[in-house]
>>> print(open('protein_34.cif').read())   # mmCIF, C-alpha atoms and all ligand atoms
data_data
loop_
_atom_site.label_atom_id
_atom_site.label_comp_id
_atom_site.auth_asym_id
_atom_site.auth_seq_id
_atom_site.Cartn_x
_atom_site.Cartn_y
_atom_site.Cartn_z
CA MET A 1 0.00 0.00 0.00
CA ILE A 2 1.14 3.54 -0.77
CA THR A 3 0.05 6.25 1.65
CA VAL A 4 0.27 9.93 0.73
CA PHE A 5 0.40 12.28 3.72
CA GLY A 6 -0.02 15.83 2.49
CA SER A 7 -1.98 18.76 1.14
CA ILE A 8 -5.35 19.03 -0.57
CA ASN A 9 -6.21 22.23 -2.46
CA LEU A 10 -8.73 23.68 -4.81
CA ASP A 11 -6.82 25.40 -7.62
CA MET A 12 -8.05 28.72 -9.05
CA VAL A 13 -6.28 28.96 -12.37
CA ILE A 14 -5.98 31.86 -14.81
CA ARG A 15 -4.21 31.70 -18.17
CA VAL A 16 -2.26 34.79 -19.22
CA ALA A 17 -0.12 35.62 -22.24
CA ASP A 18 2.73 36.73 -19.95
CA PHE A 19 2.90 37.08 -16.18
CA PRO A 20 1.90 40.62 -15.12
CA ARG A 21 4.72 42.86 -13.89
CA PRO A 22 4.41 44.57 -10.46
CA GLY A 23 1.75 47.30 -10.69
CA GLU A 24 0.42 46.04 -14.04
CA THR A 25 -3.22 45.04 -14.73
CA ILE A 26 -3.73 42.58 -17.56
CA PRO A 27 -6.62 40.65 -19.14
CA THR A 28 -6.65 36.86 -18.77
CA ARG A 29 -7.28 34.26 -21.41
CA GLY A 30 -9.66 32.37 -19.11
CA PHE A 31 -10.34 30.99 -15.64
CA ALA A 32 -10.86 27.45 -14.34
CA MET A 33 -11.25 25.81 -10.95
CA SER A 34 -9.82 22.33 -10.58
CA ALA A 35 -8.65 19.92 -7.91
CA GLY A 36 -5.06 20.25 -6.75
CA GLY A 37 -2.66 20.24 -3.81
CA LYS A 38 0.67 18.49 -4.07
CA GLY A 39 -0.39 15.62 -1.81
CA ALA A 40 -3.72 15.01 -3.51
CA ASN A 41 -2.15 15.29 -6.97
CA GLN A 42 0.46 12.69 -6.04
CA ALA A 43 -2.19 10.34 -4.66
CA LEU A 44 -4.17 10.61 -7.89
CA ALA A 45 -1.02 9.97 -9.92
CA VAL A 46 -0.40 6.73 -7.99
CA ARG A 47 -3.97 5.68 -8.66
CA ARG A 48 -3.93 6.60 -12.35
CA ALA A 49 -0.68 4.64 -12.63
CA GLY A 50 -2.69 1.65 -11.38
CA GLY A 51 -1.60 1.57 -7.72
CA ASN A 52 -3.54 1.25 -4.49
CA VAL A 53 -3.26 4.46 -2.51
CA ARG A 54 -4.58 6.09 0.62
CA MET A 55 -4.75 9.89 0.95
CA VAL A 56 -4.24 11.34 4.43
CA GLY A 57 -4.91 15.06 4.83
CA LEU A 58 -7.45 17.66 5.92
CA THR A 59 -10.05 19.83 4.22
CA GLY A 60 -12.56 22.32 5.57
CA ALA A 61 -16.26 21.56 5.99
CA ASP A 62 -17.08 23.55 2.86
CA SER A 63 -18.13 23.09 -0.76
CA HIS A 64 -14.54 23.59 -1.94
CA ALA A 65 -13.70 20.27 -0.29
CA ASP A 66 -16.15 18.40 -2.51
CA LEU A 67 -14.52 19.82 -5.62
CA ALA A 68 -11.03 19.25 -4.27
CA LEU A 69 -11.71 15.57 -3.55
CA ALA A 70 -13.97 14.73 -6.51
CA LEU A 71 -11.36 13.24 -8.84
CA LEU A 72 -9.72 11.26 -6.03
CA LYS A 73 -13.11 9.82 -5.12
CA ASP A 74 -13.95 8.96 -8.74
CA ALA A 75 -10.59 7.28 -9.24
CA GLY A 76 -10.96 5.08 -6.14
CA VAL A 77 -8.30 6.66 -3.90
CA ASP A 78 -8.92 5.53 -0.29
CA LEU A 79 -10.18 8.66 1.48
CA SER A 80 -11.14 6.97 4.74
CA ARG A 81 -8.37 8.84 6.60
CA THR A 82 -8.95 12.23 5.06
CA GLY A 83 -10.49 14.42 7.75
CA VAL A 84 -12.34 17.69 8.13
CA CYS A 85 -11.27 20.59 10.38
CA ASN A 86 -12.49 24.05 11.34
CA ASP A 87 -10.33 25.95 8.85
CA SER A 88 -11.36 26.25 5.18
CA THR A 89 -10.12 23.98 2.41
CA GLY A 90 -6.70 24.98 1.06
CA LEU A 91 -6.62 27.15 -2.05
CA ALA A 92 -4.00 27.71 -4.72
CA PHE A 93 -4.05 30.79 -6.95
CA ILE A 94 -2.23 29.83 -10.13
CA GLN A 95 -1.22 31.86 -13.18
CA VAL A 96 -0.19 29.90 -16.26
CA GLU A 97 1.44 31.82 -19.11
CA ASP A 98 1.60 30.82 -22.77
CA SER A 99 4.99 29.13 -22.28
CA GLY A 100 3.24 26.68 -19.91
CA GLU A 101 5.19 27.98 -16.87
CA ASN A 102 3.27 28.92 -13.74
CA THR A 103 3.35 30.93 -10.54
CA ILE A 104 1.46 29.62 -7.49
CA ALA A 105 0.35 31.40 -4.31
CA ILE A 106 -1.18 29.26 -1.57
CA VAL A 107 -3.79 29.85 1.12
CA LYS A 108 -2.88 26.91 3.32
CA GLY A 109 -6.19 26.74 5.24
CA ALA A 110 -6.87 23.20 6.50
CA ASN A 111 -3.47 21.98 5.29
CA GLY A 112 -1.94 24.13 8.03
CA GLU A 113 -3.94 22.18 10.64
CA VAL A 114 -2.33 18.82 9.80
CA SER A 115 -0.42 17.98 12.98
CA VAL A 116 1.61 15.43 14.91
CA ALA A 117 -1.73 14.19 16.28
CA THR A 118 -3.03 13.74 12.72
CA ALA A 119 0.02 11.63 11.88
CA GLU A 120 -0.36 9.54 15.04
CA ALA A 121 -4.06 8.97 14.43
CA THR A 122 -3.73 7.97 10.78
CA LEU A 123 -0.31 6.39 10.24
CA ALA A 124 0.05 4.11 13.27
CA ASP A 125 -0.65 0.99 11.20
CA LEU A 126 1.94 1.52 8.46
CA SER A 127 3.74 -1.74 7.90
CA LYS A 128 6.94 -3.16 6.44
CA GLY A 129 6.99 -2.80 2.68
CA ASP A 130 4.56 0.13 2.63
CA ILE A 131 5.57 3.40 0.99
CA LEU A 132 4.85 6.76 2.64
CA LEU A 133 4.97 9.66 0.16
CA LEU A 134 5.39 13.18 1.57
CA GLN A 135 5.71 16.76 0.29
CA GLN A 136 6.30 20.07 2.11
CA GLU A 137 2.89 21.78 1.92
CA ILE A 138 1.84 20.81 5.47
CA PRO A 139 3.50 21.70 8.81
CA LEU A 140 7.05 20.50 9.43
CA ALA A 141 6.30 18.77 12.75
CA ALA A 142 3.61 16.61 11.15
CA ILE A 143 5.93 15.47 8.35
CA ASP A 144 8.72 14.81 10.84
CA LYS A 145 6.43 12.62 12.94
CA ALA A 146 5.18 10.77 9.85
CA ILE A 147 8.76 9.95 8.84
CA ASP A 148 9.45 8.59 12.34
CA LEU A 149 6.31 6.44 12.21
CA ALA A 150 7.31 5.07 8.79
CA LYS A 151 10.79 4.28 10.05
CA SER A 152 9.58 2.39 13.11
CA ALA A 153 7.12 0.42 10.97
CA GLY A 154 9.80 -0.52 8.41
CA ALA A 155 7.97 1.42 5.69
CA LYS A 156 9.90 3.33 3.02
CA SER A 157 9.63 7.12 3.22
CA VAL A 158 9.81 9.21 0.04
CA LEU A 159 10.07 13.01 0.38
CA ASN A 160 9.33 15.42 -2.46
CA THR A 161 11.02 18.65 -1.33
CA ALA A 162 8.35 20.87 -2.93
CA PRO A 163 7.51 23.56 -2.14
CA PHE A 164 11.04 24.26 -0.90
CA GLN A 165 11.24 25.74 2.60
CA THR A 166 14.56 26.39 4.32
CA ASP A 167 13.45 25.22 7.75
CA TYR A 168 12.39 21.84 6.27
CA ILE A 169 15.91 21.00 5.00
CA ALA A 170 16.74 18.50 7.76
CA LEU A 171 13.83 16.27 6.68
CA ALA A 172 15.77 15.22 3.57
CA ASN A 173 18.38 13.61 5.83
CA LYS A 174 15.78 11.39 7.53
CA VAL A 175 14.03 9.73 4.57
CA ASP A 176 14.88 6.79 2.31
CA VAL A 177 14.26 8.59 -1.00
CA VAL A 178 14.48 12.31 -1.87
CA ILE A 179 12.86 13.74 -5.01
CA SER A 180 13.89 17.34 -5.74
CA ASN A 181 13.92 19.61 -8.75
CA GLU A 182 17.18 21.33 -9.69
CA THR A 183 16.51 24.50 -7.71
CA GLU A 184 15.46 22.57 -4.62
CA PHE A 185 18.49 20.30 -4.84
CA ASP A 186 20.86 23.28 -5.20
CA ALA A 187 19.35 24.70 -2.01
CA LEU A 188 19.63 21.35 -0.20
CA MET A 189 23.24 20.84 -1.26
CA PRO A 190 24.72 24.22 -2.17
CA GLY A 191 28.21 24.48 -3.64
CA THR A 192 30.16 25.65 -6.63
CA GLY A 193 30.99 22.23 -8.07
CA PRO A 194 29.01 20.48 -10.79
CA ARG A 195 25.52 19.39 -9.72
CA VAL A 196 26.22 15.78 -10.57
CA GLU A 197 29.14 15.69 -8.12
CA ARG A 198 27.09 17.31 -5.38
CA ALA A 199 24.28 14.85 -6.07
CA ARG A 200 26.66 11.92 -5.82
CA ALA A 201 28.04 13.28 -2.52
CA PHE A 202 24.51 13.80 -1.15
CA ALA A 203 23.45 10.23 -1.96
CA ASP A 204 26.70 8.70 -0.68
CA GLU A 205 26.86 10.74 2.53
CA ASN A 206 23.31 9.99 3.48
CA ASN A 207 23.20 6.55 1.87
CA ARG A 208 19.87 7.24 0.28
CA LEU A 209 18.35 7.38 -3.16
CA LEU A 210 18.18 10.82 -4.74
CA ILE A 211 16.19 11.77 -7.82
CA VAL A 212 16.76 15.23 -9.30
CA THR A 213 14.10 16.16 -11.82
CA LEU A 214 15.46 18.23 -14.71
CA GLY A 215 12.31 19.65 -16.34
CA ALA A 216 12.39 19.16 -20.11
CA ASP A 217 15.68 17.25 -19.76
CA GLY A 218 14.19 14.37 -17.76
CA ALA A 219 15.58 13.27 -14.39
CA MET A 220 18.84 12.16 -12.79
CA VAL A 221 18.86 9.00 -10.66
CA VAL A 222 21.56 8.95 -8.00
CA GLU A 223 21.94 5.70 -6.08
CA PRO A 224 24.56 5.54 -3.33
CA GLY A 225 27.85 4.10 -4.58
CA ARG A 226 26.75 4.09 -8.24
CA GLU A 227 27.27 6.29 -11.27
CA PRO A 228 24.35 8.76 -11.63
CA VAL A 229 22.06 7.97 -14.58
CA VAL A 230 20.18 10.64 -16.55
CA VAL A 231 16.83 9.47 -17.94
CA PRO A 232 15.86 11.78 -20.80
CA SER A 233 12.37 13.12 -21.30
CA PRO A 234 10.37 12.67 -24.51
CA LYS A 235 10.45 15.87 -26.56
CA LEU A 236 7.15 17.74 -26.54
CA GLU A 237 6.03 19.88 -29.47
CA THR A 238 3.87 22.08 -27.25
CA VAL A 239 3.90 22.57 -23.50
CA VAL A 240 0.39 23.56 -22.41
CA ASP A 241 0.72 23.69 -18.61
CA THR A 242 3.47 22.34 -16.34
CA THR A 243 1.29 22.50 -13.18
CA GLY A 244 1.27 19.10 -11.48
CA ALA A 245 3.99 17.56 -13.69
CA GLY A 246 6.29 17.13 -10.68
CA ASP A 247 3.46 15.55 -8.69
CA THR A 248 2.73 13.17 -11.55
CA PHE A 249 6.40 12.17 -11.51
CA CYS A 250 6.34 11.44 -7.76
CA GLY A 251 3.13 9.39 -7.89
CA TYR A 252 4.24 7.27 -10.85
CA PHE A 253 7.71 6.80 -9.38
CA CYS A 254 6.29 5.45 -6.10
CA LYS A 255 3.82 3.15 -7.87
CA MET A 256 6.71 1.65 -9.86
CA LEU A 257 8.87 1.26 -6.72
CA ALA A 258 5.97 -0.45 -4.94
CA ASP A 259 5.80 -2.90 -7.87
CA GLY A 260 9.48 -3.74 -7.37
CA ALA A 261 10.93 -1.70 -10.27
CA ASP A 262 14.51 -0.51 -9.89
CA PRO A 263 14.98 3.27 -9.55
CA VAL A 264 16.01 3.81 -13.18
CA ALA A 265 13.04 1.85 -14.57
CA ALA A 266 10.71 3.68 -12.16
CA THR A 267 12.16 7.01 -13.33
CA ARG A 268 11.70 6.09 -17.01
CA MET A 269 7.98 5.60 -16.46
CA ALA A 270 7.68 8.67 -14.21
CA VAL A 271 9.41 10.93 -16.75
CA LYS A 272 7.01 9.84 -19.50
CA ALA A 273 3.99 10.40 -17.27
CA ALA A 274 5.23 13.84 -16.18
CA SER A 275 5.81 14.84 -19.81
CA LEU A 276 2.28 13.86 -20.76
CA ALA A 277 0.97 15.87 -17.82
CA CYS A 278 2.40 19.00 -19.47
CA CYS A 279 0.14 18.51 -22.51
CA LYS A 280 -3.15 19.41 -20.78
CA ASN A 281 -4.45 22.16 -18.54
CA GLY A 282 -4.77 21.80 -14.78
CA ALA A 283 -2.99 19.74 -12.12
CA GLN A 284 -5.24 16.73 -11.54
CA PRO A 285 -7.07 16.88 -14.90
CA SER A 286 -3.73 16.49 -16.70
CA ILE A 287 -2.42 13.38 -14.88
CA PRO A 288 -2.38 10.57 -17.46
CA LEU A 289 -3.60 7.00 -17.07
CA ALA A 290 -0.97 4.28 -17.44
CA SER A 291 -2.76 3.11 -20.61
CA GLU A 292 -2.22 6.54 -22.21
CA ILE A 293 1.52 6.27 -21.60
CA GLU A 294 1.84 2.90 -23.29
O1 LIG B 1 2.23 21.06 -7.73
C1 LIG B 1 1.07 21.71 -8.18
C2 LIG B 1 0.19 22.06 -7.03
O2 LIG B 1 0.84 22.99 -6.22
C3 LIG B 1 -1.12 22.69 -7.41
O3 LIG B 1 -2.13 21.77 -7.66
C4 LIG B 1 -1.40 23.61 -6.24
O4 LIG B 1 -2.51 23.25 -5.49
C5 LIG B 1 -0.13 23.61 -5.41
O5 LIG B 1 -0.26 22.83 -4.29
#
>>> encode(input="protein_34.cif", output="structure tokens")
Amino acid sequence: MITVFGSINLDMVIRVADFPRPGETIPTRGFAMSAGGKGANQALAVRRAGGNVRMVGLTGADSHADLALALLKDAGVDLSRTGVCNDSTGLAFIQVEDSGENTIAIVKGANGEVSVATAEATLADLSKGDILLLQQEIPLAAIDKAIDLAKSAGAKSVLNTAPFQTDYIALANKVDVVISNETEFDALMPGTGPRVERARAFADENNRLLIVTLGADGAMVVEPGREPVVVPSPKLETVVDTTGAGDTFCGYFCKMLADGADPVAATRMAVKAASLACCKNGAQPSIPLASEIE
């Protein structure tokens, strides 16, 4: 079983030709509301990859929660440990420009209420062989506790270091697998030397698997004591929207690991899925099914 412990958002998305500059007012090309949140997106990616997955997180008792959870429910993600709290459902305000790049501002809402107590109440029965997938959109103490619970159960912990937050850095030293983009990795392991050397040092020092996603260039797999391997990405003619591509990568990667794939094979599948996710609008609406990848 794969458990995702993380955020649930409703995304408010506008498309713009170019991001507005400070002080500028611009027209948009359109507006859409769709389900999002890094945790929820990753849970849906596991499910669309064909895996069994449980989503643990919090929403508000509001109508936004229904929209935020609708695709997870339809897909058959186990929501039995997703709770409701007094704060409102998390929101993400997203601008996507014609290049497909985005900016995201978050109202954390209920995601900010996820706590050590939430972890204790929902993750106590993790077991050996399980995978716990985490991101950094909920409070640090809750993630820290979840990692400890996974460790004592013999479950594998996988941390996606997005969104990057300086005070969360120590978490990367506690987990079995770290998935970072280039910017996040450079902040985790700063230095002037080539990234590949720093990545090798990070994996060797901590004896854990590191994946550095490289955007359009694919991803680098760094296993302790081995030569790093770069898995290229398929070339896309048009990038529509990159929102959720990283989440798609994480979900597919964990599903493949759970099936016993080696890290390079898991990355190959994850890179293809993440590329396809850039071809449609929205975070959750763009996550492909495994059959679409084949
Ligand atoms: O990674 C994309 C996600 O980041 C969006 O769905 C948004 O909700 C933010 O959490």
>>> residues_around(input="protein_34.cif", residues="stretch 186-203 of chain A", least_positions_apart="2", cutoff="10 Å", atoms="all atoms listed in the file", output="number ranges by chain")
A: 161, 164-166, 168-170, 172-173, 177-178, 180-184, 205-212, 220-230
>>> residues_around(input="protein_34.cif", residues="A:Ile131", least_positions_apart="5", cutoff="9 Å", atoms="all atoms listed in the file", output="PyMOL selection string")
chain A and resi 1-4+126+150+155-158+254+257-258
>>> residues_near_ligand(input="protein_34.cif", ligand="ligand LIG 1 (chain B)", cutoff="6 Å", atoms="only C-alpha atoms and all ligand atoms", output="PyMOL selection string")
chain A and resi 9+11+36-38+92+243-244+247+283
>>> residues_around(input="protein_34.cif", residues="A:Asn41", least_positions_apart="2", cutoff="12 Å", atoms="all atoms listed in the file", output="PyMOL selection string")
chain A and resi 4-11+34-39+43-48+53+55+68-72+75+77+133-135+243-252+274+277+282-288
>>> atom_distance(input="protein_34.cif", atom1="atom CA of A:Leu214", atom2="atom CA of A:Arg54")
28.0 Å
>>> residues_around(input="protein_34.cif", residues="A:Met12", least_positions_apart="3", cutoff="9 Å", atoms="only C-alpha atoms", output="list in words")
Phe31, Ala32, Met33, Ser34, Ala35, Leu91, Ala92, Phe93, Ile94 and Gln95 of chain A
>>> axis_aligned_box(input="protein_34.cif", around="stretch 228-247 of chain A", padding_each_side="8 Å", output="lines of an AutoDock Vina configuration file")
center_x = 12.4
center_y = 15.8
center_z = -19.1
size_x = 40.0
size_y = 31.7
size_z = 36.8
>>> closest_residue(input="protein_34.cif", among="A:Leu67, A:Ala49, A:Ala142, A:Ala17", to="A:Ser115", atoms="all atoms listed in the file")
A:Ala142
>>> atom_distance(input="protein_34.cif", atom1="atom CA of A:Asp62", atom2="atom CA of A:Ser80")
17.7 Å
>>> atom_distance(input="protein_34.cif", atom1="atom CA of A:Cys278", atom2="atom CA of A:Thr242")
4.7 Å
>>> closest_residue(input="protein_34.cif", among="A:Leu289, A:Leu123, A:Leu171, A:Ala162", to="A:Leu149", atoms="all atoms listed in the file")
A:Leu123
>>> residues_around(input="protein_34.cif", residues="A:Asp18", least_positions_apart="5", cutoff="9 Å", atoms="all atoms listed in the file", output="PyMOL selection string")
chain A and resi 96-99
>>> closest_residue(input="protein_34.cif", among="A:Phe253, A:Pro232, A:Thr28, A:Gly83", to="A:Ala266", atoms="all atoms listed in the file")
A:Phe253
>>> closest_residue(input="protein_34.cif", among="A:Ala270, A:Ala290, A:Ala61, A:Leu276", to="A:Leu236", atoms="all atoms listed in the file")
A:Leu276
>>> build_atoms(input="protein_34.cif", residues="stretch 194-205 of chain A", atoms="all heavy atoms", output="PDB file, in the coordinates of the input")
ATOM      1  N   PRO A 194      30.080  20.944  -9.925  1.00  0.00           N
ATOM      2  CA  PRO A 194      29.010  20.480 -10.790  1.00  0.00           C
ATOM      3  C   PRO A 194      27.906  19.780  -9.986  1.00  0.00           C
ATOM      4  O   PRO A 194      28.198  19.083  -9.001  1.00  0.00           O
ATOM      5  CB  PRO A 194      29.698  19.459 -11.715  1.00  0.00           C
ATOM      6  CG  PRO A 194      31.157  19.702 -11.566  1.00  0.00           C
ATOM      7  CD  PRO A 194      31.381  20.369 -10.256  1.00  0.00           C
ATOM      8  N   ARG A 195      26.671  19.964 -10.449  1.00  0.00           N
ATOM      9  CA  ARG A 195      25.520  19.390  -9.720  1.00  0.00           C
ATOM     10  C   ARG A 195      25.645  17.883  -9.580  1.00  0.00           C
ATOM     11  O   ARG A 195      25.334  17.302  -8.534  1.00  0.00           O
ATOM     12  CB  ARG A 195      24.225  19.773 -10.416  1.00  0.00           C
ATOM     13  CG  ARG A 195      22.995  19.319  -9.642  1.00  0.00           C
ATOM     14  CD  ARG A 195      21.705  19.746 -10.309  1.00  0.00           C
ATOM     15  NE  ARG A 195      21.517  21.181 -10.266  1.00  0.00           N
ATOM     16  CZ  ARG A 195      21.273  21.929 -11.327  1.00  0.00           C
ATOM     17  NH1 ARG A 195      21.183  21.387 -12.519  1.00  0.00           N
ATOM     18  NH2 ARG A 195      21.100  23.225 -11.204  1.00  0.00           N
ATOM     19  N   VAL A 196      26.146  17.241 -10.611  1.00  0.00           N
ATOM     20  CA  VAL A 196      26.220  15.780 -10.570  1.00  0.00           C
ATOM     21  C   VAL A 196      27.151  15.312  -9.442  1.00  0.00           C
ATOM     22  O   VAL A 196      26.880  14.300  -8.776  1.00  0.00           O
ATOM     23  CB  VAL A 196      26.624  15.203 -11.956  1.00  0.00           C
ATOM     24  CG1 VAL A 196      28.024  15.622 -12.349  1.00  0.00           C
ATOM     25  CG2 VAL A 196      26.479  13.703 -11.988  1.00  0.00           C
ATOM     26  N   GLU A 197      28.214  16.060  -9.203  1.00  0.00           N
ATOM     27  CA  GLU A 197      29.140  15.690  -8.120  1.00  0.00           C
ATOM     28  C   GLU A 197      28.491  15.918  -6.757  1.00  0.00           C
ATOM     29  O   GLU A 197      28.633  15.123  -5.835  1.00  0.00           O
ATOM     30  CB  GLU A 197      30.449  16.489  -8.210  1.00  0.00           C
ATOM     31  CG  GLU A 197      31.256  16.195  -9.457  1.00  0.00           C
ATOM     32  CD  GLU A 197      31.531  14.698  -9.633  1.00  0.00           C
ATOM     33  OE1 GLU A 197      31.568  13.966  -8.638  1.00  0.00           O
ATOM     34  OE2 GLU A 197      31.656  14.274 -10.799  1.00  0.00           O
ATOM     35  N   ARG A 198      27.780  17.034  -6.644  1.00  0.00           N
ATOM     36  CA  ARG A 198      27.090  17.310  -5.380  1.00  0.00           C
ATOM     37  C   ARG A 198      26.006  16.276  -5.126  1.00  0.00           C
ATOM     38  O   ARG A 198      25.779  15.840  -3.991  1.00  0.00           O
ATOM     39  CB  ARG A 198      26.513  18.736  -5.386  1.00  0.00           C
ATOM     40  CG  ARG A 198      27.595  19.803  -5.172  1.00  0.00           C
ATOM     41  CD  ARG A 198      27.040  21.207  -5.166  1.00  0.00           C
ATOM     42  NE  ARG A 198      26.681  21.655  -6.491  1.00  0.00           N
ATOM     43  CZ  ARG A 198      25.479  22.083  -6.858  1.00  0.00           C
ATOM     44  NH1 ARG A 198      24.511  22.147  -5.978  1.00  0.00           N
ATOM     45  NH2 ARG A 198      25.244  22.467  -8.091  1.00  0.00           N
ATOM     46  N   ALA A 199      25.341  15.852  -6.199  1.00  0.00           N
ATOM     47  CA  ALA A 199      24.280  14.850  -6.070  1.00  0.00           C
ATOM     48  C   ALA A 199      24.866  13.521  -5.610  1.00  0.00           C
ATOM     49  O   ALA A 199      24.332  12.844  -4.725  1.00  0.00           O
ATOM     50  CB  ALA A 199      23.552  14.695  -7.396  1.00  0.00           C
ATOM     51  N   ARG A 200      25.992  13.169  -6.213  1.00  0.00           N
ATOM     52  CA  ARG A 200      26.660  11.920  -5.820  1.00  0.00           C
ATOM     53  C   ARG A 200      27.058  11.983  -4.336  1.00  0.00           C
ATOM     54  O   ARG A 200      26.856  11.035  -3.581  1.00  0.00           O
ATOM     55  CB  ARG A 200      27.901  11.739  -6.693  1.00  0.00           C
ATOM     56  CG  ARG A 200      28.347  10.292  -6.824  1.00  0.00           C
ATOM     57  CD  ARG A 200      29.769  10.209  -7.321  1.00  0.00           C
ATOM     58  NE  ARG A 200      30.032  10.984  -8.505  1.00  0.00           N
ATOM     59  CZ  ARG A 200      30.202  10.463  -9.722  1.00  0.00           C
ATOM     60  NH1 ARG A 200      30.086   9.175  -9.889  1.00  0.00           N
ATOM     61  NH2 ARG A 200      30.477  11.238 -10.741  1.00  0.00           N
ATOM     62  N   ALA A 201      27.616  13.121  -3.929  1.00  0.00           N
ATOM     63  CA  ALA A 201      28.040  13.280  -2.520  1.00  0.00           C
ATOM     64  C   ALA A 201      26.827  13.197  -1.590  1.00  0.00           C
ATOM     65  O   ALA A 201      26.884  12.552  -0.532  1.00  0.00           O
ATOM     66  CB  ALA A 201      28.751  14.621  -2.351  1.00  0.00           C
ATOM     67  N   PHE A 202      25.727  13.808  -1.989  1.00  0.00           N
ATOM     68  CA  PHE A 202      24.510  13.800  -1.150  1.00  0.00           C
ATOM     69  C   PHE A 202      24.013  12.370  -0.961  1.00  0.00           C
ATOM     70  O   PHE A 202      23.699  11.930   0.149  1.00  0.00           O
ATOM     71  CB  PHE A 202      23.426  14.651  -1.815  1.00  0.00           C
ATOM     72  CG  PHE A 202      22.134  14.728  -1.050  1.00  0.00           C
ATOM     73  CD1 PHE A 202      21.964  15.671  -0.048  1.00  0.00           C
ATOM     74  CD2 PHE A 202      21.084  13.858  -1.325  1.00  0.00           C
ATOM     75  CE1 PHE A 202      20.763  15.747   0.659  1.00  0.00           C
ATOM     76  CE2 PHE A 202      19.889  13.924  -0.623  1.00  0.00           C
ATOM     77  CZ  PHE A 202      19.730  14.873   0.377  1.00  0.00           C
ATOM     78  N   ALA A 203      23.951  11.614  -2.044  1.00  0.00           N
ATOM     79  CA  ALA A 203      23.450  10.230  -1.960  1.00  0.00           C
ATOM     80  C   ALA A 203      24.412   9.366  -1.145  1.00  0.00           C
ATOM     81  O   ALA A 203      23.987   8.588  -0.288  1.00  0.00           O
ATOM     82  CB  ALA A 203      23.260   9.661  -3.357  1.00  0.00           C
ATOM     83  N   ASP A 204      25.714   9.530  -1.390  1.00  0.00           N
ATOM     84  CA  ASP A 204      26.700   8.700  -0.680  1.00  0.00           C
ATOM     85  C   ASP A 204      26.740   9.024   0.809  1.00  0.00           C
ATOM     86  O   ASP A 204      26.724   8.125   1.648  1.00  0.00           O
ATOM     87  CB  ASP A 204      28.095   8.881  -1.293  1.00  0.00           C
ATOM     88  CG  ASP A 204      28.201   8.200  -2.648  1.00  0.00           C
ATOM     89  OD1 ASP A 204      27.291   7.419  -2.999  1.00  0.00           O
ATOM     90  OD2 ASP A 204      29.185   8.457  -3.364  1.00  0.00           O
ATOM     91  N   GLU A 205      26.771  10.337   1.115  1.00  0.00           N
ATOM     92  CA  GLU A 205      26.860  10.740   2.530  1.00  0.00           C
ATOM     93  C   GLU A 205      25.669  10.240   3.328  1.00  0.00           C
ATOM     94  O   GLU A 205      25.797   9.810   4.455  1.00  0.00           O
ATOM     95  CB  GLU A 205      26.864  12.280   2.647  1.00  0.00           C
ATOM     96  CG  GLU A 205      28.226  12.905   2.509  1.00  0.00           C
ATOM     97  CD  GLU A 205      28.116  14.417   2.299  1.00  0.00           C
ATOM     98  OE1 GLU A 205      27.093  14.998   2.692  1.00  0.00           O
ATOM     99  OE2 GLU A 205      29.063  14.981   1.726  1.00  0.00           O
TER     100      GLU A 205
END
